[in-house]
Amino acid sequence: VFANRTASLMSLAAKMLFARCRNVFVTDLNWNSYHRILDNAKPNKSCRITEVSIKDSILNRSASAEEITELIVEEYLRSRCDGIFIPAVCNLGIQLPVDSIIKRIKEKTKLRFSVVDAAQAINHIDISWACGAVDFIFGGTHKWLRAYEPMAIGYFGSLGSTSFVSDM
């Protein structure tokens, strides 16, 4: 999927998340503008966004990837989330173990829809793991295409959600 701006793809991602989910898990590493888009996309009051703070654990307590994975999975389960939106790499340069997080959640419970923000990851790190693991992944291309069009790319993820993403 191509777009002029990543905000357009985030709006699409938010619509897809709330079409399938009632409680979407996010962290404090998400881009603030994306959080506002997600919040504005809630179709009704029964839909929620559960935000968990992990930035301090990573930056000030040097939590390992395994500890962060466990923290996220525990909070996802405790809060009864059914969808997730997390960055592959945040604007601070923190790379989350998204593949491990998604696998662990799927081992423990139902994950109705997953979205990964790869704005800081596309063409910087290998994101091939996303193809089978997540439902939709998107990011900007302005950092490596010298700001020519298109400015954003979205990737279809797992085969089970391809027709849903295409229809949306």
# chains A, B, ... in the order shown; residues from 1 in each chain; ligands from 1

call {"tool": "residues_around", "arguments": {"residues": "A:Asp117", "least_positions_apart": "4", "cutoff": "12 Å", "atoms": "only C-alpha atoms", "output": "JSON, numbers by chain"}}
result
{"A": [6, 7, 9, 10, 13, 14, 26, 27, 29, 30, 31, 34, 35, 84, 85, 86, 87, 88, 89, 90, 91, 95, 96, 98, 121, 122, 127, 130, 134, 135, 136, 137, 138, 139, 140, 152, 153, 154, 155]}

call {"tool": "write_last_selection", "arguments": {"atoms": "N, CA and C atoms", "output": "compact mmCIF listing (two decimals), in the first residue's frame"}}
result
# COMPACT_ATOMS: atom_id res chain seq x y z
N THR A 6 2.78 8.97 6.23
CA THR A 6 2.55 7.84 7.14
C THR A 6 1.28 8.03 7.96
N ALA A 7 0.87 9.27 8.18
CA ALA A 7 -0.37 9.51 8.94
C ALA A 7 -1.56 8.88 8.25
N LEU A 9 -1.50 6.10 6.49
CA LEU A 9 -1.44 4.67 6.77
C LEU A 9 -1.75 4.38 8.24
N MET A 10 -1.39 5.30 9.13
CA MET A 10 -1.75 5.13 10.54
C MET A 10 -3.26 5.20 10.71
N ALA A 13 -4.50 1.92 9.64
CA ALA A 13 -4.17 0.93 10.67
C ALA A 13 -5.11 1.03 11.87
N ALA A 14 -5.40 2.26 12.29
CA ALA A 14 -6.30 2.46 13.43
C ALA A 14 -7.70 1.95 13.11
N VAL A 26 -0.75 -0.46 23.54
CA VAL A 26 0.32 0.41 23.02
C VAL A 26 1.33 0.63 24.14
N THR A 27 2.49 1.19 23.78
CA THR A 27 3.49 1.55 24.78
C THR A 27 3.77 3.04 24.71
N LEU A 29 6.42 4.23 23.85
CA LEU A 29 7.41 4.43 22.79
C LEU A 29 6.76 4.80 21.46
N ASN A 30 5.44 4.74 21.40
CA ASN A 30 4.74 5.10 20.16
C ASN A 30 4.85 6.60 19.92
N TRP A 31 4.86 6.97 18.66
CA TRP A 31 4.88 8.36 18.24
C TRP A 31 3.59 9.02 18.72
N TYR A 34 0.68 9.41 16.32
CA TYR A 34 0.00 8.14 16.01
C TYR A 34 -0.96 7.77 17.13
N HIS A 35 -0.56 8.05 18.36
CA HIS A 35 -1.46 7.76 19.50
C HIS A 35 -2.74 8.59 19.38
N ILE A 84 -2.78 -5.04 19.13
CA ILE A 84 -1.54 -4.39 19.54
C ILE A 84 -1.02 -3.47 18.44
N PHE A 85 -0.49 -2.33 18.87
CA PHE A 85 0.19 -1.40 17.97
C PHE A 85 1.48 -0.95 18.65
N ILE A 86 2.62 -1.39 18.11
CA ILE A 86 3.91 -1.04 18.69
C ILE A 86 4.91 -0.69 17.59
N PRO A 87 5.94 0.08 17.96
CA PRO A 87 6.96 0.40 16.98
C PRO A 87 8.02 -0.70 16.90
N ALA A 88 8.57 -0.91 15.72
CA ALA A 88 9.72 -1.82 15.59
C ALA A 88 10.94 -1.13 16.19
N VAL A 89 11.10 0.14 15.86
CA VAL A 89 12.14 1.00 16.42
C VAL A 89 11.48 2.35 16.68
N CYS A 90 11.62 2.86 17.90
CA CYS A 90 10.99 4.14 18.21
C CYS A 90 11.89 5.30 17.78
N ASN A 91 11.39 6.51 17.92
CA ASN A 91 12.15 7.69 17.51
C ASN A 91 13.40 7.92 18.37
N GLN A 95 14.99 -0.43 19.72
CA GLN A 95 14.41 -1.50 18.90
C GLN A 95 13.73 -2.51 19.81
N LEU A 96 12.44 -2.70 19.59
CA LEU A 96 11.69 -3.67 20.39
C LEU A 96 11.78 -5.06 19.76
N VAL A 98 9.86 -7.22 18.58
CA VAL A 98 8.47 -7.37 18.15
C VAL A 98 8.14 -8.82 17.82
N ALA A 121 12.42 1.88 10.97
CA ALA A 121 13.01 0.57 10.71
C ALA A 121 13.19 0.25 9.23
N ILE A 122 12.25 0.67 8.40
CA ILE A 122 12.30 0.31 6.98
C ILE A 122 13.62 0.77 6.37
N ILE A 127 13.26 -6.32 8.47
CA ILE A 127 11.88 -6.46 8.98
C ILE A 127 11.17 -7.65 8.32
N ALA A 130 8.33 -9.62 9.99
CA ALA A 130 6.97 -9.08 10.06
C ALA A 130 6.01 -9.76 9.10
N VAL A 134 2.96 -10.27 11.85
CA VAL A 134 1.99 -9.21 12.11
C VAL A 134 1.01 -9.07 10.95
N ASP A 135 -0.08 -8.37 11.20
CA ASP A 135 -1.10 -8.21 10.18
C ASP A 135 -0.82 -7.04 9.24
N PHE A 136 -0.24 -5.97 9.76
CA PHE A 136 0.03 -4.79 8.93
C PHE A 136 1.24 -4.07 9.49
N ILE A 137 2.14 -3.68 8.62
CA ILE A 137 3.33 -2.93 9.02
C ILE A 137 3.50 -1.78 8.05
N PHE A 138 3.84 -0.62 8.58
CA PHE A 138 3.98 0.55 7.72
C PHE A 138 5.10 1.45 8.20
N GLY A 139 5.54 2.31 7.31
CA GLY A 139 6.57 3.27 7.68
C GLY A 139 6.82 4.27 6.58
N GLY A 140 7.56 5.28 6.92
CA GLY A 140 7.89 6.33 5.97
C GLY A 140 9.11 5.96 5.14
N ALA A 152 5.24 6.97 2.03
CA ALA A 152 4.97 5.92 3.01
C ALA A 152 4.59 4.63 2.30
N ILE A 153 4.96 3.54 2.95
CA ILE A 153 4.66 2.21 2.42
C ILE A 153 4.05 1.37 3.53
N GLY A 154 2.99 0.65 3.20
CA GLY A 154 2.39 -0.31 4.12
C GLY A 154 2.52 -1.70 3.54
N TYR A 155 2.82 -2.65 4.38
CA TYR A 155 3.00 -4.03 3.94
C TYR A 155 1.90 -4.92 4.52

call {"tool": "residues_around", "arguments": {"residues": "A:Thr69", "least_positions_apart": "5", "cutoff": "10 Å", "atoms": "only C-alpha atoms", "output": "PyMOL selection string"}}
result
chain A and resi 63-64+74+96-102+104-105

call {"tool": "select_by_dssp", "arguments": {"residues": "chain A", "states": "strand (DSSP E)", "output": "PyMOL selection string"}}
result
chain A and resi 2-3+23-27+48-52+83-87+113-117+136-140+152-156

call {"tool": "write_last_selection", "arguments": {"atoms": "C-alpha atoms", "output": "PDB file, in the first residue's frame"}}
result
ATOM      1  CA  PHE A   2       1.404   3.430  -0.912  1.00  0.00           C
ATOM      2  CA  ALA A   3       0.524   6.792   0.615  1.00  0.00           C
ATOM      3  CA  ASN A  23      -8.803  -3.103  23.615  1.00  0.00           C
ATOM      4  CA  VAL A  24      -5.618  -2.109  21.776  1.00  0.00           C
ATOM      5  CA  PHE A  25      -2.278  -2.363  23.555  1.00  0.00           C
ATOM      6  CA  VAL A  26       0.318   0.406  23.022  1.00  0.00           C
ATOM      7  CA  THR A  27       3.492   1.546  24.779  1.00  0.00           C
ATOM      8  CA  ARG A  48     -10.127   1.161  24.787  1.00  0.00           C
ATOM      9  CA  ILE A  49      -6.439   1.821  24.410  1.00  0.00           C
ATOM     10  CA  THR A  50      -4.223   0.314  27.083  1.00  0.00           C
ATOM     11  CA  GLU A  51      -0.890   2.112  27.327  1.00  0.00           C
ATOM     12  CA  VAL A  52       2.018   0.633  29.251  1.00  0.00           C
ATOM     13  CA  GLY A  83      -4.965  -6.007  19.527  1.00  0.00           C
ATOM     14  CA  ILE A  84      -1.539  -4.387  19.543  1.00  0.00           C
ATOM     15  CA  PHE A  85       0.186  -1.397  17.971  1.00  0.00           C
ATOM     16  CA  ILE A  86       3.908  -1.042  18.690  1.00  0.00           C
ATOM     17  CA  PRO A  87       6.962   0.397  16.975  1.00  0.00           C
ATOM     18  CA  PHE A 113      -5.018  -7.745  14.895  1.00  0.00           C
ATOM     19  CA  SER A 114      -1.461  -6.430  15.110  1.00  0.00           C
ATOM     20  CA  VAL A 115       0.140  -3.336  13.615  1.00  0.00           C
ATOM     21  CA  VAL A 116       3.806  -2.355  13.674  1.00  0.00           C
ATOM     22  CA  ASP A 117       5.140   1.130  13.075  1.00  0.00           C
ATOM     23  CA  PHE A 136       0.033  -4.792   8.930  1.00  0.00           C
ATOM     24  CA  ILE A 137       3.333  -2.934   9.023  1.00  0.00           C
ATOM     25  CA  PHE A 138       3.977   0.549   7.716  1.00  0.00           C
ATOM     26  CA  GLY A 139       6.573   3.272   7.682  1.00  0.00           C
ATOM     27  CA  GLY A 140       7.895   6.326   5.967  1.00  0.00           C
ATOM     28  CA  ALA A 152       4.969   5.923   3.011  1.00  0.00           C
ATOM     29  CA  ILE A 153       4.664   2.208   2.420  1.00  0.00           C
ATOM     30  CA  GLY A 154       2.391  -0.308   4.123  1.00  0.00           C
ATOM     31  CA  TYR A 155       3.002  -4.034   3.942  1.00  0.00           C
ATOM     32  CA  PHE A 156       0.463  -6.822   4.113  1.00  0.00           C
TER      33      PHE A 156
END
